[in-house]
Structures are given as C-alpha cells and as structure tokens.
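Since the structure comes first, as structure tokens, the remarks are kept for the end.
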Amino acid sequence: MKDYSLNEKEQQDFILNVYQQDNNTYTIVFADGRVFENVEVCDENFEKLTVAQEEQAKRGIQNIDHFRKVATKSGIMTGFVGALLAAGSVGIYSMPIMQSQDPIILASSLGMITILGTIPAFAKLKEDCDRVHELEKLQYRDRHLDTLSSYSEYPNALSGLSREKKSMMGYFEDPFHIMNMDSFSEEDLRTIVSNIKKEKAYQFVYRKSEK
C-alpha cells in the first residue's frame, strides 16, 4: 500500500505493508519507517490489520483530488527542473571558454548532468502518480466489489488475465482483500468485471464436466 497520510502524525500509525513470515508471524511496516515484528498470525490480528488498512484506503480515496493535485504539481516541477538544467547546459556549452573543449565529450557531460539532475524530480513524480493510480484501483474495487466477488460463478470471468494472475486468483481465499490488492492492477479488475457483464448478457450454456 502507498502512503496516503497527510502529515507526520498520521504517518506514525499508517501501515504500509504487512508480510507473513515463515514462522507464522506478521512483520508490519509503518510509513514513518518503524517495523513491528513477531506479531502472531491469528484471526484477531488479521481483523485488526484489515480494518486499519481498509480505513486508510477509505481516507485516501476521500483525499484523491488532493493527491491528484500533488501529482500534477510534481509533473510541472519535473518539467521546470528539466528545462532549467537544459537551458543551463546550453548556456555553459556556448561559453567562449568551452569552445576549446572536445564538443562530443562536453555535450555528453552536460547531457549526463541534466539527466542526473532530473532523476530526483522524476522519482517524486513516479511516486505521486503511483499513489493516485493505486487509489483509483481501490476506488474501482469498492464500486464493483459485489460483481468482482461473484467471479467464481462465471466460467470465463478470468479470460484475458495472465496465467500468473489466474493462479493468484485461485490461491487467495479472498483475491480482493485489501492485503492482496498489490497483486492486481486496475486493468485486471476491469477485465474481470467486463467478462462478467458479457456472461450475464449472453447467458451461455456451458458443457458440464464429466465425472
């Protein structure tokens, strides 16, 4: 799960990831960097973690417009930084003192400086965009959860999904549980919903498997 906290106080209690270890315990990673280990895998803890992460997702969706604005601002800043560095490189390249330098080496060096200078801005942009995309996926899941949850009733509900995704659908007891959502994209969810709508529309009769 991405970080949907709005301030440092929220970040302290925001659960980013939950890992189930081989010794039947959970490792819980919080947004502020703290890690809780040796948390027993049991129904009580599972319920607490589920409630906490679903509530985090709910708050994130409520604030999705804020995060979209943050992503837009990051995009503008990334473009600004790139343009500024490129302009600076052109200015340096055109300086008289630089004319005596090897043009290929000089251009390569200035180009590398420009690329390296924009890496932090691009990383921030990707982080902000990934957060928005995840919230949009969770929002879609919530809107179509009844349909998604009925996928096992439709023989071709998983058509179009990769073999790996189909395998995970069978592996998870509840594929659309908040802790399993990292395994699927919004496009996967849209494909399943679309397939179920087709099944309902055509009402195909399927051959029964022989016993």
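Identifiers for the structure tokens are assigned positionally: chains receive A, B, ... in sequence, residues are indexed from 1 per chain, and ligands are indexed from 1 in the order shown.
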
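Using only C-alpha atoms, the protein and nucleic acid residues lying no more than 12 Å from Val35 of chain A, apart from those fewer than 2 places from it along its own chain, are A:Gln12, A:Asp13, A:Phe14, A:Ile15, A:Leu16, A:Asn17, A:Val18, A:Tyr19, A:Tyr26, A:Thr27, A:Ile28, A:Val29, A:Phe30, A:Ala31, A:Asp32, A:Gly33, A:Glu37, A:Asn38, A:Val39.
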
Go ahead and save the picked residues with C-alpha atoms, as a PDB file, in the first residue's frame.
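Written file, part-v4.pdb:
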ATOM      1  CA  GLN A  12       3.306   7.331  12.521  1.00  0.00           C
ATOM      2  CA  ASP A  13       0.310   4.967  12.534  1.00  0.00           C
ATOM      3  CA  PHE A  14      -0.059   4.382   8.791  1.00  0.00           C
ATOM      4  CA  ILE A  15       0.524   0.717   7.858  1.00  0.00           C
ATOM      5  CA  LEU A  16       2.395   0.467   4.563  1.00  0.00           C
ATOM      6  CA  ASN A  17       2.970  -3.274   4.313  1.00  0.00           C
ATOM      7  CA  VAL A  18       2.201  -6.499   6.126  1.00  0.00           C
ATOM      8  CA  TYR A  19       4.426  -9.514   5.477  1.00  0.00           C
ATOM      9  CA  TYR A  26       3.499 -10.848  10.681  1.00  0.00           C
ATOM     10  CA  THR A  27       6.068  -8.150  10.060  1.00  0.00           C
ATOM     11  CA  ILE A  28       4.344  -4.763   9.891  1.00  0.00           C
ATOM     12  CA  VAL A  29       5.991  -1.780   8.204  1.00  0.00           C
ATOM     13  CA  PHE A  30       4.767   1.718   9.079  1.00  0.00           C
ATOM     14  CA  ALA A  31       5.050   4.804   6.883  1.00  0.00           C
ATOM     15  CA  ASP A  32       7.482   6.506   9.287  1.00  0.00           C
ATOM     16  CA  GLY A  33       9.956   3.643   8.873  1.00  0.00           C
ATOM     17  CA  GLU A  37       7.998  -7.953  14.126  1.00  0.00           C
ATOM     18  CA  ASN A  38       6.857 -11.229  15.663  1.00  0.00           C
ATOM     19  CA  VAL A  39       3.160 -10.263  15.522  1.00  0.00           C
TER      20      VAL A  39
END

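The shortest atom-to-atom distance to Leu125 of chain A, with only C-alpha atoms taken into account, belongs to A:Ile76 out of A:Val51, A:Ile76, A:Val205, A:Ala157.
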
Write out as a ChimeraX atom specification the residues lying within 12 Å of Lys166 of chain A, counting only C-alpha atoms and excluding same-chain residues fewer than 3 positions away. /A:151-152,156-163,169-172,175,183-184,188-189,192

As a list in words, please: the residues near Ala71 of chain A (cut-off 7 Å, only C-alpha atoms, same-chain neighbours under 2 positions excluded).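 That gives Phe67, Arg68, Lys69, Lys73, Ser74, Gly75, Leu125, Asp128 and Cys129 of chain A.
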
For the residues in that selection, give me C-alpha atoms as a PDB file, in the first residue's frame.
ATOM      1  CA  PHE A  67      -3.160  13.600  -4.320  1.00  0.00           C
ATOM      2  CA  ARG A  68      -4.012  14.287  -7.967  1.00  0.00           C
ATOM      3  CA  LYS A  69      -3.057  17.932  -7.440  1.00  0.00           C
ATOM      4  CA  LYS A  73       2.456  19.803  -9.281  1.00  0.00           C
ATOM      5  CA  SER A  74       5.230  17.201  -9.390  1.00  0.00           C
ATOM      6  CA  GLY A  75       4.818  16.942 -13.158  1.00  0.00           C
ATOM      7  CA  LEU A 125       6.647  12.285  -9.932  1.00  0.00           C
ATOM      8  CA  ASP A 128       2.950  10.617  -6.663  1.00  0.00           C
ATOM      9  CA  CYS A 129       1.458   9.110  -9.832  1.00  0.00           C
TER      10      CYS A 129
END

Write out as a ChimeraX atom specification each polymer residue whose atoms come within 10 Å of Tyr4 of chain A, counting only C-alpha atoms; drop sequence neighbours fewer than 3 positions from it. /A:1,7,10-11,14-16,31,56-61,63-64,67,131-132,135

Distance query Ser150 of chain A at most 12 Å, only C-alpha atoms, self and fewer than 2 positions along chain excluded, as a list in words: His144, Leu145, Asp146, Thr147, Leu148, Ser152, Glu153, Tyr154, Pro155, Asn156, Ala157, Leu158, Asp174, Pro175, Phe176, Ile192, Val193, Asn195, Ile196, Lys197, Glu199 and Lys200 of chain A

For Asp182 of chain A: contacts at 10 Å, only C-alpha atoms, fewer than 4 positions along chain excluded, given as a CSV table (one decimal) with N, CA, C and O atoms, in the first residue's frame:
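Full text of result_15.csv as output:
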chain,number,residue,atom,x,y,z
A,1,MET,N,0.8,-1.2,0.0
A,1,MET,CA,0.0,0.0,0.0
A,1,MET,C,0.9,1.2,0.0
A,1,MET,O,1.9,1.3,0.7
A,2,LYS,N,0.5,2.2,-0.8
A,2,LYS,CA,1.2,3.5,-0.8
A,2,LYS,C,0.8,4.3,0.4
A,2,LYS,O,-0.1,4.0,1.2
A,134,GLU,N,-3.0,3.8,-7.6
A,134,GLU,CA,-3.4,2.8,-6.6
A,134,GLU,C,-4.8,3.2,-6.0
A,134,GLU,O,-5.7,2.3,-5.8
A,137,LYS,N,-7.5,2.4,-8.4
A,137,LYS,CA,-7.7,1.0,-8.4
A,137,LYS,C,-8.6,0.6,-7.2
A,137,LYS,O,-9.6,-0.2,-7.4
A,176,PHE,N,-9.7,-10.1,-3.5
A,176,PHE,CA,-9.9,-8.6,-3.5
A,176,PHE,C,-9.8,-8.1,-2.1
A,176,PHE,O,-10.2,-6.9,-1.8
A,177,HIS,N,-9.2,-8.8,-1.2
A,177,HIS,CA,-8.9,-8.3,0.2
A,177,HIS,C,-7.9,-7.3,0.0
A,177,HIS,O,-7.0,-7.3,-0.8
A,178,ILE,N,-7.9,-6.3,0.9
A,178,ILE,CA,-7.0,-5.1,0.8
A,178,ILE,C,-5.5,-5.6,0.8
A,178,ILE,O,-4.7,-4.9,0.2

From the options A:Asn24, A:Tyr206, A:Gln53, A:Asp142, which residue's atoms come nearest to Glu40 of chain A, counting only C-alpha atoms?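 Counting only C-alpha atoms, the residue closest to Glu40 of chain A is A:Asn24.
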
Could you work out how far atom CA of Ala123 of chain A lies from atom CA of Thr78 of chain A, giving the answer in Å with one decimal?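 Atom-to-atom, atom CA of Thr78 of chain A and atom CA of Ala123 of chain A are spaced 9.4 Å apart.
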